[in-house]
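Here is the structure we will look at.
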Amino acid sequence: MSCLKGFKVQSAFIDPPVVLAPLAGFTDSPFRRIVKEFSAGLTYTEMVSSMGVYFKDKKTLELLNFEEEERPIAAQIFGHDPDSMAYAAKYVEESGFDILDINVGCPTPKIVNSGAGGALLKNLNLLEAIFVKVKRAVKIPVTIKTRKGFARDENVLSEILKIAEGSGIDAITIHGITVEESFKKNCEDWSSIREIASKARIPIVANGGVAKEEDVEKMFIETGASGVMVGRPVLQRPWFIKSSVEYIEKKSLFDISLEAKMNIILRHTELEMEQKGEERAIIEMRKFVIHYVSGLRNASYVKQKINKIKTYRELESLIRAFFVC
């Protein structure tokens, strides 16, 4: 039986069950649209501050822009105050999102020190209060993205599952690593995900440690999860999810020509300009281009030049010269 069986998160159907992770600074609407063209079963916004939503911060609200072709789409919020989290959740629902996701695992010091993200794993009573308040505020599915625990070698996933299911949470994405372990690949513990997936009554999505297509299939098999969430590999290859699906189904990899990759970069840039204007879009694209060309011959030349680029014409000239040569 194929592990690529779609699953439901309340009213939302996720198919294929390989989804794009929320990546701060990267998963904006233009990039999500590019990735969605290559079979992503679900996409997420970047992390959105609940307090930013509450105080109507312009930059925060911009993170919630999306287009219809991105559906199904989830908005991920973070915070530590139940009331502001509920307010932000309601705002997300009224904005038309399919799913509301709560971040319960971000290890970034700024987020943790504010009492949000991974810090919530140190206060499960507060976590439960947030879940209950948010669920009461909205009708759309509410999910969470969490980690194994806060302290090194800690595992509180069983407690989180109990609280989540008791509060009506509709699905859980689990990164099998603790907050203190950050992103250390050798600390990834897929067995901890499998333990929860085996007893959960709600869908479990596995996350963490995926670098190539084979890892996606391996994660499905080793965790028994309903879905797999991928992040970093998609920055270099927006078609990574499609390639992973083809690998699982046909044992072949999907790839595109250098010319096609060049055109993706240019179209991505145009989408960024439509939303943010040329000056800001070119600045945004600098980080994307570094990922796009990573691993390609003479990539160091582009990486040296890209931060000096200020206009679309300059970027187009650099990219065409790189891919044509």
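Within each chain, counting starts at residue 1; across the structure tokens, chains are named A, B, ... in the order shown, with ligands numbered 1 upward in that order.
All residues within stretch 77-178 of chain A that the backbone DSSP calculation assigns to strand (DSSP E or B) are Ile77, Phe78, Ile99, Leu100, Asp101, Ile102, Asn103, Val104, Val142, Thr143, Ile144, Lys145, Thr146, Arg147, Lys148, Gly149, Ala171, Ile172, Thr173, Ile174, His175, Gly176, Ile177 and Thr178 of chain A.
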Shell around A:Lys162 at 9 Å using only C-alpha atoms, local window under 5 positions removed, as a PDB file with N, CA and C atoms, in the first residue's frame:
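After the write, around.pdb holds the following:
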ATOM      1  N   LEU A 157       5.988  14.534  24.454  1.00  0.00           N
ATOM      2  CA  LEU A 157       5.026  14.392  23.370  1.00  0.00           C
ATOM      3  C   LEU A 157       3.733  13.700  23.814  1.00  0.00           C
ATOM      4  N   SER A 167      -8.258  19.147  23.902  1.00  0.00           N
ATOM      5  CA  SER A 167      -8.657  20.528  23.580  1.00  0.00           C
ATOM      6  C   SER A 167      -9.313  20.658  22.216  1.00  0.00           C
ATOM      7  N   ALA A 200      -2.223   8.154  18.326  1.00  0.00           N
ATOM      8  CA  ALA A 200      -3.007   9.373  18.136  1.00  0.00           C
ATOM      9  C   ALA A 200      -4.325   9.091  17.425  1.00  0.00           C
TER      10      ALA A 200
END
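For A:Arg267, the residues within 12 Å (counting only C-alpha atoms, excluding itself and residues fewer than 3 positions away along the chain) are Pro30, Phe31, Arg33, Ile34, Ala260, Lys261, Met262, Asn263, Ile264, Glu270, Leu271, Glu272, Met273, Glu274, Ala281, Met285, Tyr312, Leu315, Glu316 and Ile319 of chain A.
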Inset, instruction - For atom CA of A:Gly149 and atom CA of A:Ala74, determine how far apart the two atoms are, in Å to one decimal place. - result: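 Atom CA of A:Gly149 sits 23.5 Å away from atom CA of A:Ala74.
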Inset, instruction - Extract, using only C-alpha atoms, all DNA, RNA and protein residues at most 12 Å from A:Lys250, discarding same-chain residues fewer than 3 positions from it, and format them as a list in words. - result: Ser2, Leu4, Glu213, Glu214, Glu217, Lys242, Ser243, Ser244, Val245, Glu246, Tyr247, Leu253 and Phe254 of chain A
Could those residues be written to a file, using C-alpha atoms, as a PDB file, in the first residue's frame?
ATOM      1  CA  SER A   2       1.354   3.446  -0.924  1.00  0.00           C
ATOM      2  CA  LEU A   4       1.014   8.648  -0.271  1.00  0.00           C
ATOM      3  CA  GLU A 213      13.672  12.455  -1.788  1.00  0.00           C
ATOM      4  CA  GLU A 214      14.581   9.094  -0.277  1.00  0.00           C
ATOM      5  CA  GLU A 217       9.760   7.887   1.870  1.00  0.00           C
ATOM      6  CA  LYS A 242       6.870  16.655  -6.761  1.00  0.00           C
ATOM      7  CA  SER A 243      10.160  14.811  -7.077  1.00  0.00           C
ATOM      8  CA  SER A 244       9.582  13.118  -3.710  1.00  0.00           C
ATOM      9  CA  VAL A 245       6.138  11.975  -4.780  1.00  0.00           C
ATOM     10  CA  GLU A 246       7.508  10.553  -8.029  1.00  0.00           C
ATOM     11  CA  TYR A 247      10.293   8.795  -6.162  1.00  0.00           C
ATOM     12  CA  LEU A 253      13.264  11.579  -9.632  1.00  0.00           C
ATOM     13  CA  PHE A 254      11.620  14.616 -11.188  1.00  0.00           C
TER      14      PHE A 254
END
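The space separating atom CA of A:Asp57 from atom CA of A:Tyr91 comes to 12.9 Å.
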Inset, instruction - Would you mind telling me which residue in A:Lys305, A:Lys36, A:Lys90, A:Lys310 lies nearest to A:Ser50 when using only C-alpha atoms? - result: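 Closest to A:Ser50, using only C-alpha atoms: A:Lys90.
Distance annotation: of A:Ala225, A:Val234, A:Leu64, A:Cys187, the residue with the minimal separation from A:Ser294 is A:Val234; atom set is only C-alpha atoms.
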Inset, instruction - Could you check which of A:Val132, A:Ala86, A:Ala24, A:Val35 is closest to A:Pro238, using only C-alpha atoms? - result: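 Closest candidate: A:Val35.
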Inset, instruction - Pick out the residues sitting within 12 Å of A:Leu318, and hand them over as a PyMOL selection string; count only C-alpha atoms, and ignore anything fewer than 6 positions along from it in its own chain. - result: chain A and resi 262+265-266+286+289+293+299+301-312+324-325
Inset, instruction - Among the residues of stretch 71-240 of chain A, find those DSSP assigns to helix (DSSP H, G or I) from the backbone and print them as a PyMOL selection string. - result: chain A and resi 82-94+109-113+117-122+124-137+157-167+185-187+190-197+213-223+232-236+240
Inset, instruction - Write out as a count of residues only the residues lying within 8 Å of A:Ser11, counting only C-alpha atoms and excluding same-chain residues fewer than 3 positions away. - result: 3
Inset, instruction - Work out how far apart atom CA of A:Ala88 and atom CA of A:Asp15 are and give it in Å to one decimal. - result: 27.0 Å
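The smallest atom-to-atom distance between A:Arg194 and any of A:Leu121, A:Met47, A:Ile174, A:Val210, using only C-alpha atoms, is found for A:Ile174.
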